[in-house]
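Colleague: I'd like to ask some things about the structure below.
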Amino acid sequence: MKNLFDYNIDGLQELLLTIGEPKFRAKQIYANLVLGKAITEMTDIPNSLKQKLLEQFPDAPVKIHKKLTSTDGTVKYLFELADKNIVEGVIMTYKYGKTQCISTQVGCRMGCKFCASTLNGLIRNLTKGELLFTVALANRDCGGNAKKREITNLVLMGSGEPLDNYDEVIPFLKELAKPENLNVSPRNVSLSTCGLVDKMYKLTNEGLPLNLTVSLHATSDEKRKKIMPIASAYSISQILEACRHYFSVTGRRFIFEYSLVKGVNDGEADAKELISLLKGLPCHVNLIRLNEVEETGLKAGTNKSAYAFMNKLNEGGISATVRRLMGSDIEGACGQLRNKYVGGSNN
């Protein structure tokens with residue numbers, strides 16, 4: 001379902017002309033959308049125009065359906081789309097500001113064994129306008145306004161594979177970076193992919209200096225195939241070559257995500273193999289203590305084993321850190337809260 005934020009200012013001007021309204025209203029409408037306002041909340045446009053817009057578009061493309069706050073200050077949202085589909089979002093507070101994690105798809109079709117997002121498959125992609133309004137709405141909920149943006153950083157690591165929704169995600173990021181929008185620089189955006197190599201090359205040529213993050217999670221193609229079906233389409237060597245190309249064009253170091261699964265990829269031999277695989281590359285490894293998802297049967301190791309794995313990588317010359325656990329008491333991992341909601345526990 002198309003919404004108002006799927007249009008940029010030029011597009012809104014053309015739309016207004018088709019319904020007999022003056023073009024200057026486009027900037028007013030756009031400014032209201034950036035503030036996370038629904039059509040009925042726009043106080044600087046006439047009611048007659050609101051009515052015309054409501055005949056074609058939903059009042060708001062996204063609404064906050066549920067909000068949970070963790071003991072560590074992490075905020076998790078269930079966002080309701082206009083067609084009643086539900087996606088998740090998270091706000092994490094750091095010393096440098098607030099980072100929003102957003103979902104790019106309703107569900108996911110990548111099938112990674114450790115992720116709750118993919119349990120019910122892919123329902124549909126989010127549109128550019130839905131993605132923009134998700135950020136605007138969270139920024140508003142955090143107290144942001146036209147003079148002060150609260151959301152400083154963005155990570156595309158929620159439900160869905162961003163590069164599987166390429167045609168909406170890239171225009172979204174370009175629009176978000178505009179001064180008349182929230183002016184979020186691509187340098188403050190991290191995009192996580194499970195390794196869609198063809199799209200990684202395409203992304204490299206977009207002129208967006210993003211922080212490219214690749215979900216690796218294994219040191220061999222054989223082991224990776226057991227937990228990530230995408231490994232049957234793209235090998236680790238192909239992924240590494242795409243990463244090297246990204247660095248050669250953008251000058252941006254890349255990051256590998258590595259979820260530690262007990263007895264699967266967290267042993268001493270795995271650490272040695274990872275060092276051998278990544279030695280000399282301009283990269284960082286983000287180690288993730290597995291958020292256990294009941295349906296998968298995969299188990300997490302201990303904090304001690306995670307830091308021991310990190311120390312082995314560091315000693316081997318690989319930059320690595322263990323990701324800080326945030327929001328675990330509010331089902332902070334991707335897809336967990338939504339999966340519980342669509343499963344019937346939605347109170």
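Chain identifiers are assigned as A, B, and so on, following the order in which chains appear in the structure tokens; residues are numbered from 1 within each chain, and ligands are numbered from 1 in order of appearance.
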Find the spatial neighbours of Gly317 in chain A, counting only C-alpha atoms, within a cut-off of 8 Å - ignore same-chain residues fewer than 2 positions away - and output them as a CSV table (one decimal) with C-alpha atoms, in the first residue's frame.
Modeller:
```
chain,number,residue,atom,x,y,z
A,275,ILE,CA,42.1,-16.0,12.3
A,279,LYS,CA,44.3,-12.3,8.6
A,313,LEU,CA,41.1,-13.6,17.9
A,314,ASN,CA,42.9,-10.5,19.4
A,315,GLU,CA,46.0,-12.5,20.1
A,319,SER,CA,40.2,-6.9,15.8
```
Colleague: Please identify which residues in range 110-319 of chain A DSSP calls alpha helix (DSSP H) from the backbone, and express them as a ChimeraX atom specification.
Modeller: /A:128-141,166-176,197-204,221-227,236-250,268-278,303-315
Colleague: List as a PyMOL selection string the protein and nucleic acid residues near Gln51 in chain A, meaning an atom at most 12 Å away when only C-alpha atoms are counted, but skip any in the same chain fewer than 4 places from it.
Modeller: chain A and resi 19+39-40+42+45-47+55-59
Colleague: In Å, with one decimal, what is the gap from CA of Asp83 in chain A to CA of Arg149 in chain A?
Modeller: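 One can read the CA of Asp83 in chain A to CA of Arg149 in chain A distance as 28.4 Å.
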Colleague: Which residues, written as a ChimeraX atom specification, have at least one atom at most 12 Å from Glu80 in chain A, with only C-alpha atoms counted and residues fewer than 6 positions away on the same chain left out?
Modeller: /A:60-67,86-89,106,126,130,133-134,137,338,341-342
